[in-house]
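Reproduced below: run_29.cif, with mmCIF, C-alpha atoms.
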data_protein
#
loop_
_atom_site.label_atom_id
_atom_site.label_comp_id
_atom_site.auth_asym_id
_atom_site.auth_seq_id
_atom_site.Cartn_x
_atom_site.Cartn_y
_atom_site.Cartn_z
CA MET A 1275 -8.70 -16.23 26.21
CA ARG A 1276 -5.45 -18.14 26.00
CA CYS A 1277 -2.18 -17.29 24.33
CA GLU A 1278 -1.65 -20.07 21.79
CA ARG A 1279 1.36 -21.12 19.78
CA ARG A 1280 -0.41 -23.12 17.10
CA PRO A 1281 -1.49 -21.06 14.06
CA ARG A 1282 -5.25 -20.79 13.53
CA PRO A 1283 -7.27 -19.41 10.63
CA ARG A 1284 -8.12 -15.76 11.25
CA HIS A 1285 -10.48 -13.26 9.73
CA LEU A 1286 -10.10 -9.49 9.74
CA ALA A 1287 -12.17 -6.74 11.32
CA HIS A 1288 -11.34 -3.03 11.29
CA LEU A 1289 -11.50 -0.71 14.27
CA GLU A 1290 -11.14 3.06 14.33
CA ILE A 1291 -11.17 5.23 17.42
CA PHE A 1292 -11.59 9.00 17.52
CA ILE A 1293 -11.32 10.91 20.79
CA LYS A 1294 -12.60 14.47 20.49
CA GLY A 1295 -12.12 14.30 16.73
CA ARG A 1296 -8.58 13.01 16.94
CA VAL A 1297 -7.60 9.58 15.81
CA VAL A 1298 -6.16 7.07 18.26
CA LEU A 1299 -3.56 4.88 16.62
CA ILE A 1300 -4.18 1.28 17.60
CA PRO A 1301 -0.70 -0.17 17.99
CA ALA A 1302 0.75 -3.27 16.38
CA GLY A 1303 1.42 -6.17 18.71
CA ILE A 1304 -1.78 -6.23 20.76
CA GLY A 1305 -2.36 -9.88 21.70
CA VAL A 1306 1.10 -10.92 20.52
CA SER A 1307 3.41 -12.20 23.21
CA PRO A 1308 7.20 -11.92 22.94
CA ARG A 1309 7.23 -15.56 24.08
CA GLY A 1310 5.95 -16.53 20.63
CA CYS A 1311 2.26 -17.10 21.27
CA SER A 1312 -0.79 -15.08 20.17
CA TYR A 1313 -4.25 -14.47 21.59
CA PRO A 1314 -7.32 -15.11 19.42
CA LEU A 1315 -7.55 -11.32 18.97
CA ARG A 1316 -4.39 -9.58 17.86
CA THR A 1317 -2.97 -6.75 15.77
CA ARG A 1318 0.17 -7.07 13.70
CA GLU A 1319 0.21 -3.57 12.22
CA PRO A 1320 -0.97 -0.15 13.48
CA THR A 1321 -3.74 0.19 10.91
CA GLY A 1322 -6.75 -0.80 12.99
CA LEU A 1323 -6.91 -4.26 11.42
CA VAL A 1324 -7.75 -6.84 14.08
CA GLU A 1325 -6.99 -10.48 13.32
CA VAL A 1326 -9.66 -12.70 14.86
CA ALA A 1327 -9.37 -16.47 15.41
CA GLY A 1328 -12.76 -18.04 16.04
CA GLY A 1329 -14.69 -15.06 17.31
CA GLY A 1330 -14.70 -12.33 19.88
CA THR A 1331 -16.20 -9.04 20.92
CA LEU A 1332 -14.93 -5.51 21.22
CA GLY A 1333 -14.88 -6.00 24.98
CA ASP A 1334 -12.60 -9.03 24.53
CA PHE A 1335 -10.29 -6.98 22.33
CA PHE A 1336 -9.98 -4.17 24.84
CA ALA A 1337 -9.32 -6.77 27.56
CA VAL A 1338 -6.47 -8.28 25.52
CA TRP A 1339 -5.21 -4.74 24.86
CA GLY A 1340 -5.33 -3.93 28.55
CA GLN A 1341 -7.37 -0.76 27.99
CA SER A 1342 -10.83 0.36 29.02
CA LEU A 1343 -13.42 1.31 26.47
CA PRO A 1344 -13.60 5.13 26.42
CA ARG A 1345 -16.41 6.53 28.57
CA GLY A 1346 -19.46 7.84 26.78
CA VAL A 1347 -18.27 6.46 23.48
CA LYS A 1348 -20.56 6.37 20.45
CA ALA A 1349 -20.19 3.18 18.46
CA PHE A 1350 -20.84 2.57 14.77
CA VAL A 1351 -20.87 -0.69 12.84
CA GLY A 1352 -20.40 0.35 9.26
CA ARG A 1353 -22.27 3.65 9.15
CA GLN A 1354 -25.02 2.43 11.50
CA ARG A 1355 -25.05 3.66 15.09
CA PHE A 1356 -24.85 0.72 17.49
CA ARG A 1357 -27.38 1.22 20.27
CA GLY A 1358 -26.30 -1.57 22.62
CA ARG A 1359 -23.25 -1.82 24.84
CA PRO A 1360 -20.16 -1.26 22.66
CA ALA A 1361 -18.32 -4.04 24.50
CA GLU A 1362 -20.80 -6.50 23.01
CA ILE A 1363 -20.09 -5.64 19.38
CA ARG A 1364 -18.98 -8.82 17.66
CA LEU A 1365 -15.81 -8.79 15.61
CA ASP A 1366 -17.32 -10.57 12.62
CA PRO A 1367 -15.43 -11.07 9.34
CA HIS A 1368 -14.91 -7.71 7.62
CA SER A 1369 -16.86 -5.79 10.22
CA VAL A 1370 -15.98 -2.09 10.31
CA ILE A 1371 -16.30 -0.55 13.76
CA THR A 1372 -15.83 3.08 14.69
CA LEU A 1373 -15.74 4.41 18.25
CA GLU A 1374 -16.00 8.13 18.85
CA THR A 1375 -16.25 10.66 21.64
CA GLY A 1376 -16.89 14.38 21.18
CA ARG A 1377 -17.03 15.85 17.71
CA LEU A 1378 -18.40 13.37 15.21
CA VAL A 1379 -16.11 12.21 12.42
CA PRO A 1380 -18.39 10.56 9.85
CA PRO A 1381 -17.56 6.85 9.61
CA HIS A 1382 -16.43 5.66 6.20
CA ALA A 1383 -18.99 4.01 3.98
CA ASN A 1384 -16.85 0.93 3.45
CA TYR A 1385 -13.42 -0.51 3.96
CA VAL A 1386 -11.56 -2.63 1.43
CA PHE A 1387 -9.75 -5.38 3.33
CA PRO A 1388 -6.48 -6.90 2.22
CA PRO A 1389 -6.77 -10.46 0.87
CA MET B 938 -4.33 5.97 25.12
CA ALA B 939 -2.71 9.08 23.71
CA PRO B 940 -4.62 10.53 20.77
CA ALA B 941 -2.42 11.43 17.83
CA VAL B 942 -3.22 14.50 15.77
CA ALA B 943 -4.87 13.48 12.53
CA ARG B 944 -7.75 14.78 10.48
CA ALA B 945 -8.96 11.46 9.19
CA ASP B 946 -7.99 7.83 9.18
CA SER B 947 -8.77 4.41 7.81
CA ASP B 948 -6.28 4.44 4.97
CA PRO B 949 -3.49 2.10 6.12
CA ALA B 950 -0.66 4.31 4.84
CA SER B 951 -1.67 7.09 7.23
CA ASP B 952 -1.08 4.73 10.15
CA ILE B 953 2.17 3.26 8.86
CA LEU B 954 3.99 6.32 7.52
CA PRO B 955 4.25 8.28 10.78
CA THR B 956 6.80 5.73 12.00
CA VAL B 957 8.50 4.57 8.78
CA ASP B 958 9.30 6.19 5.42
CA VAL B 959 7.74 3.69 3.00
CA PHE B 960 4.31 2.09 2.79
CA PHE B 961 4.40 -1.18 0.87
CA PRO B 962 1.32 -2.71 -0.77
CA TYR B 963 -0.45 -5.69 0.84
CA GLN B 964 -0.79 -7.69 -2.38
CA PRO B 965 0.92 -8.58 -4.59
CA LYS B 966 3.99 -8.72 -2.40
CA MET B 967 6.93 -6.60 -3.42
CA SER B 968 10.29 -8.37 -3.62
CA GLU B 969 12.63 -7.89 -0.67
CA ALA B 970 15.31 -6.49 -3.00
CA VAL B 971 13.04 -3.67 -4.21
CA LYS B 972 11.86 -3.00 -0.66
CA ALA B 973 15.50 -2.69 0.42
CA ASP B 974 16.13 -0.23 -2.42
CA LEU B 975 13.15 1.89 -1.39
CA ARG B 976 14.29 1.99 2.22
CA GLY B 977 17.80 2.71 1.00
CA VAL B 978 16.84 5.59 -1.25
CA THR B 979 14.66 7.26 1.39
CA ASP B 980 17.46 6.91 3.95
CA ALA B 981 19.95 8.34 1.46
CA ALA B 982 17.55 11.17 0.60
CA LYS B 983 17.22 12.02 4.29
CA LYS B 984 21.01 12.15 4.61
CA ALA B 985 21.15 14.41 1.56
CA GLY B 986 18.75 16.85 3.25
CA TYR B 987 15.65 15.71 1.36
CA PRO B 988 13.45 13.67 3.71
CA ILE B 989 10.48 12.17 1.91
CA LYS B 990 7.82 9.54 2.59
CA VAL B 991 6.70 7.11 -0.13
CA ALA B 992 3.40 5.24 -0.46
CA ILE B 993 3.13 2.45 -3.03
CA ILE B 994 -0.56 1.80 -3.69
CA ALA B 995 -1.08 -1.27 -5.87
CA THR B 996 -4.76 -2.06 -5.26
CA GLN B 997 -7.84 -0.63 -3.56
CA ALA B 998 -7.05 -2.72 -0.48
CA ASP B 999 -4.06 -0.44 0.13
CA LEU B 1000 -6.50 2.44 0.57
CA GLY B 1001 -8.78 0.78 3.16
CA GLY B 1002 -11.58 3.26 3.79
CA VAL B 1003 -10.96 5.49 0.77
CA PRO B 1004 -10.94 3.01 -2.14
CA GLN B 1005 -12.55 5.63 -4.36
CA LEU B 1006 -9.17 7.38 -4.54
CA PHE B 1007 -7.54 4.44 -6.31
CA ASP B 1008 -5.58 5.50 -9.38
CA GLN B 1009 -5.98 9.14 -8.46
CA PRO B 1010 -2.45 9.62 -7.13
CA ALA B 1011 -2.56 13.41 -6.98
CA ARG B 1012 -5.85 13.43 -5.06
CA TYR B 1013 -4.68 10.75 -2.67
CA ALA B 1014 -1.38 12.55 -2.08
CA GLY B 1015 -3.42 15.62 -1.11
CA TYR B 1016 -5.49 13.48 1.24
CA LEU B 1017 -2.64 11.52 2.83
CA GLY B 1018 -0.16 14.38 3.15
CA PRO B 1019 -2.07 16.35 5.80
CA GLU B 1020 -2.80 13.11 7.69
CA ILE B 1021 0.89 12.44 8.26
CA ASP B 1022 2.46 15.88 8.42
CA PHE B 1023 1.81 16.30 12.17
CA ASN B 1024 2.11 20.05 11.81
CA LYS B 1025 5.60 19.81 10.31
CA LYS B 1026 6.57 22.66 8.02
CA GLN B 1027 7.18 20.39 5.10
CA GLN B 1028 6.35 16.69 4.93
CA ARG B 1029 7.26 15.66 1.43
CA LEU B 1030 5.31 12.73 0.08
CA LEU B 1031 5.40 10.65 -3.09
CA VAL B 1032 2.45 8.41 -3.99
CA VAL B 1033 2.86 5.75 -6.67
CA MET B 1034 -0.18 4.08 -8.20
CA PRO B 1035 -0.43 2.00 -11.37
CA GLY B 1036 -1.81 5.03 -13.20
CA GLY B 1037 0.84 7.55 -12.19
CA LEU B 1038 2.58 9.58 -9.51
CA GLY B 1039 1.25 12.09 -7.00
CA THR B 1040 3.14 14.39 -4.68
CA TYR B 1041 2.57 16.57 -1.64
CA GLU B 1042 4.80 19.44 -0.49
CA VAL B 1043 7.65 18.60 -2.84
CA GLY B 1044 7.86 21.95 -4.60
CA PRO B 1045 7.57 22.87 -8.27
CA GLN B 1046 11.07 21.86 -9.36
CA ALA B 1047 10.72 18.37 -7.98
CA SER B 1048 7.25 18.06 -9.51
CA ARG B 1049 8.64 19.03 -12.91
CA ALA B 1050 11.48 16.52 -12.53
CA ILE B 1051 9.04 13.59 -12.46
CA ALA B 1052 6.46 14.99 -14.85
CA GLY B 1053 7.32 12.53 -17.63
CA VAL B 1054 7.96 9.46 -15.51
CA LYS B 1055 5.84 6.47 -16.42
CA VAL B 1056 4.98 3.88 -13.81
CA GLY B 1057 6.16 0.38 -14.67
CA ALA B 1058 3.75 -2.56 -14.64
CA GLY B 1059 3.74 -4.71 -11.49
CA VAL B 1060 4.60 -3.90 -7.90
CA ASP B 1061 8.35 -4.30 -8.29
CA ALA B 1062 8.34 -1.94 -11.25
CA MET B 1063 6.24 0.49 -9.20
CA GLY B 1064 8.90 0.31 -6.50
CA ARG B 1065 11.69 0.93 -8.99
CA THR B 1066 9.75 3.86 -10.39
CA ALA B 1067 9.60 5.32 -6.89
CA VAL B 1068 13.34 4.81 -6.37
CA ASP B 1069 14.00 6.65 -9.61
CA ALA B 1070 11.52 9.42 -8.81
CA VAL B 1071 12.97 10.10 -5.36
CA GLN B 1072 16.44 10.50 -6.87
CA ARG B 1073 15.14 12.83 -9.57
CA MET B 1074 13.20 14.97 -7.12
CA ALA B 1075 16.06 15.27 -4.65
CA LYS B 1076 18.42 16.29 -7.44
CA ALA B 1077 15.99 18.84 -8.83
CA ASP B 1078 15.55 20.33 -5.37
CA GLY B 1079 19.30 20.80 -4.98
CA HIS B 1080 19.90 17.73 -2.79
CA PRO B 1081 21.47 15.14 -5.09
CA ILE B 1082 21.62 11.69 -3.54
CA LYS B 1083 25.14 10.32 -3.40
CA GLY B 1084 26.38 6.90 -2.44
CA PHE B 1085 23.18 5.04 -3.30
CA LYS B 1086 22.84 2.50 -6.07
CA PRO B 1087 19.73 0.35 -6.47
CA LYS B 1088 20.54 -3.33 -6.12
CA SER B 1089 17.32 -4.69 -7.58
CA GLY B 1090 18.01 -3.76 -11.19
CA GLY B 1091 17.21 -0.78 -13.37
CA SER B 1092 15.51 2.24 -11.88
CA THR B 1093 14.24 3.89 -15.00
CA GLY B 1094 10.60 3.88 -14.17
CA GLY B 1095 8.55 1.95 -16.65
CA GLY B 1096 11.11 2.11 -19.43
CA GLY B 1097 12.30 -1.48 -19.07
CA SER B 1098 8.82 -2.87 -18.73
CA THR B 1099 7.54 -0.79 -21.61
CA ALA B 1100 10.33 -2.15 -23.79
CA ILE B 1101 9.38 -5.68 -22.82
CA ILE B 1102 5.70 -5.01 -23.44
CA PHE B 1103 6.44 -3.88 -27.00
CA ALA B 1104 9.44 -6.06 -27.79
CA VAL B 1105 7.91 -9.41 -26.85
CA PRO B 1106 4.86 -9.21 -29.16
CA ILE B 1107 7.02 -7.94 -32.02
CA ALA B 1108 9.52 -10.76 -31.49
CA LEU B 1109 6.67 -13.29 -31.43
CA LEU B 1110 5.23 -11.78 -34.61
CA VAL B 1111 8.59 -12.01 -36.38
CA ILE B 1112 9.03 -15.62 -35.27
CA GLY B 1113 5.47 -16.41 -36.38
CA LEU B 1114 6.03 -14.88 -39.80
CA ALA B 1115 9.32 -16.71 -40.16
CA VAL B 1116 7.66 -20.03 -39.32
CA MET B 1117 4.80 -19.34 -41.73
CA THR B 1118 7.23 -18.37 -44.50
CA TYR B 1119 9.27 -21.51 -43.85
CA ARG B 1120 6.16 -23.70 -43.95
CA ARG B 1121 4.93 -22.10 -47.15
CA THR B 1122 8.32 -22.56 -48.75
CA ASP B 1123 8.37 -26.12 -47.54
CA ALA B 1124 4.84 -26.73 -48.79
CA THR B 1125 5.63 -25.18 -52.17
CA GLU B 1126 8.67 -27.37 -52.48
CA ASP B 1127 6.56 -30.39 -51.55
CA GLU B 1128 3.96 -29.39 -54.13
CA GLU B 1129 6.68 -28.93 -56.69
CA GLU B 1130 8.09 -32.31 -55.75
CA ASP B 1131 4.59 -33.82 -56.00
CA GLU B 1132 4.13 -32.22 -59.36
CA GLU B 1133 7.45 -33.60 -60.41
CA ASP B 1134 6.40 -37.01 -59.17
CA LEU B 1135 3.12 -36.74 -60.99
CA ALA B 1136 4.90 -35.69 -64.09
#
structure tokens encoding of this file:
Amino acid sequence: MRCERRPRPRHLAHLEIFIKGRVVLIPAGIGVSPRGCSYPLRTREPTGLVEVAGGGTLGDFFAVWGQSLPRGVKAFVGRQRFRGRPAEIRLDPHSVITLETGRLVPPHANYVFPP
Amino acid sequence: MAPAVARADSDPASDILPTVDVFFPYQPKMSEAVKADLRGVTDAAKKAGYPIKVAIIATQADLGGVPQLFDQPARYAGYLGPEIDFNKKQQRLLVVMPGGLGTYEVGPQASRAIAGVKVGAGVDAMGRTAVDAVQRMAKADGHPIKGFKPKSGGSTGGGGSTAIIFAVPIALLVIGLAVMTYRRTDATEDEEEDEEDLA
């Protein structure tokens, strides 16, 4: 993935992470370079909203973030348990993804995205 | 990754308010002048010994994963408060929604001070309502805010908007009646003239 200066249309996906029942705040500024360019996956606020240009996977997002996916994580897309490799979850428009380890925090039924 | 202490998540305000004092709605956009007033009044309240967080919730999108709490300001305040208190003794919170105000940990005097406040229509009016409410609550709690004046206009909650809502239709009605009366008079005169002509 390349850091690009030209603006591209982006859709939103939402990601939540709970480690042992505690929320992990996903910071603003992931994929945003101080040099003025952005990666196709970025965050501009610490709310879990991921702005996606084109497409991408959860693995791509963690790579841009510079973090590893938590070990032994359970993944949910909406309220459905995702049985494959979490890194392969696609960040489709308005997808709602929850990652959890330890005590289960029930994923929300839906998420109302900003326009 | 350092996990923060929180009981739940997915409402955007719970992610924003730990680091700032005001959560602004996504859409419609609030004017910069009203935003500045909200930041100003919360700063001034902090200096007066009355720190408080404010969440302006204009639509369901401002609630993310808990849209069912829209226009239930008291319930949402009770939901959001524990998410952002981080085990503090007292994390005061004011929630403003189109349908009213909700509070968390503000105490009975402050609650009484805003009991009659109506929320103005539109996001800027919601912001002004919050500015007014923070000042009222701080004063009622024995921490009057000094040295702050809103720059974006009146801060009397929905009073101004309510006046406009009622005054504009009445003014239009009066104008309409005046026009109708004028036309009738004119028509009568024409008829009289016609009659005269016919005669």
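Within 6 Å of chain B, counting only C-alpha atoms, chain A contributes Arg1296, Val1297, Val1298, Pro1320, Thr1321, His1382, Asn1384, Tyr1385, Val1386, Phe1387 and Pro1388 of chain A.
The nearest approach to Gly1346 of chain A among the residues A:Gly1376, A:Pro1281, A:Gly1358, A:Gly1295, with all atoms listed in the file taken into account, belongs to A:Gly1376.
Atom to atom, atom CA of Arg1316 of chain A and atom CA of Pro1380 of chain A stand 25.8 Å apart.
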| request: Around the point (-10.8, -7.7, 10.5), in the coordinates given by the file, pick out the residues reaching within 9 Å, counting all atoms listed in the file, and return them as a ChimeraX atom specification. | output: /A:1284-1289,1322-1326,1365-1370,1387
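Contact shell of Leu1343 of chain A at 8 Å (all atoms listed in the file; same-chain neighbours under 2 positions omitted): Gly1333, Phe1336, Gln1341, Arg1345, Val1347 and Ala1361 of chain A.
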Go through the shown structure with the PyMOL selection byres ((chain B and resi 1059-1069) around 6) and write out the matching residues as a PDB file with C-alpha atoms, keeping the file's coordinate frame.
ATOM      1  CA  MET B 967       6.930  -6.600  -3.420  1.00  0.00           C
ATOM      2  CA  LEU B 975      13.150   1.890  -1.390  1.00  0.00           C
ATOM      3  CA  VAL B1056       4.980   3.880 -13.810  1.00  0.00           C
ATOM      4  CA  GLY B1057       6.160   0.380 -14.670  1.00  0.00           C
ATOM      5  CA  ALA B1058       3.750  -2.560 -14.640  1.00  0.00           C
ATOM      6  CA  ALA B1070      11.520   9.420  -8.810  1.00  0.00           C
ATOM      7  CA  VAL B1071      12.970  10.100  -5.360  1.00  0.00           C
ATOM      8  CA  GLN B1072      16.440  10.500  -6.870  1.00  0.00           C
ATOM      9  CA  SER B1092      15.510   2.240 -11.880  1.00  0.00           C
ATOM     10  CA  GLY B1094      10.600   3.880 -14.170  1.00  0.00           C
TER      11      GLY B1094
END
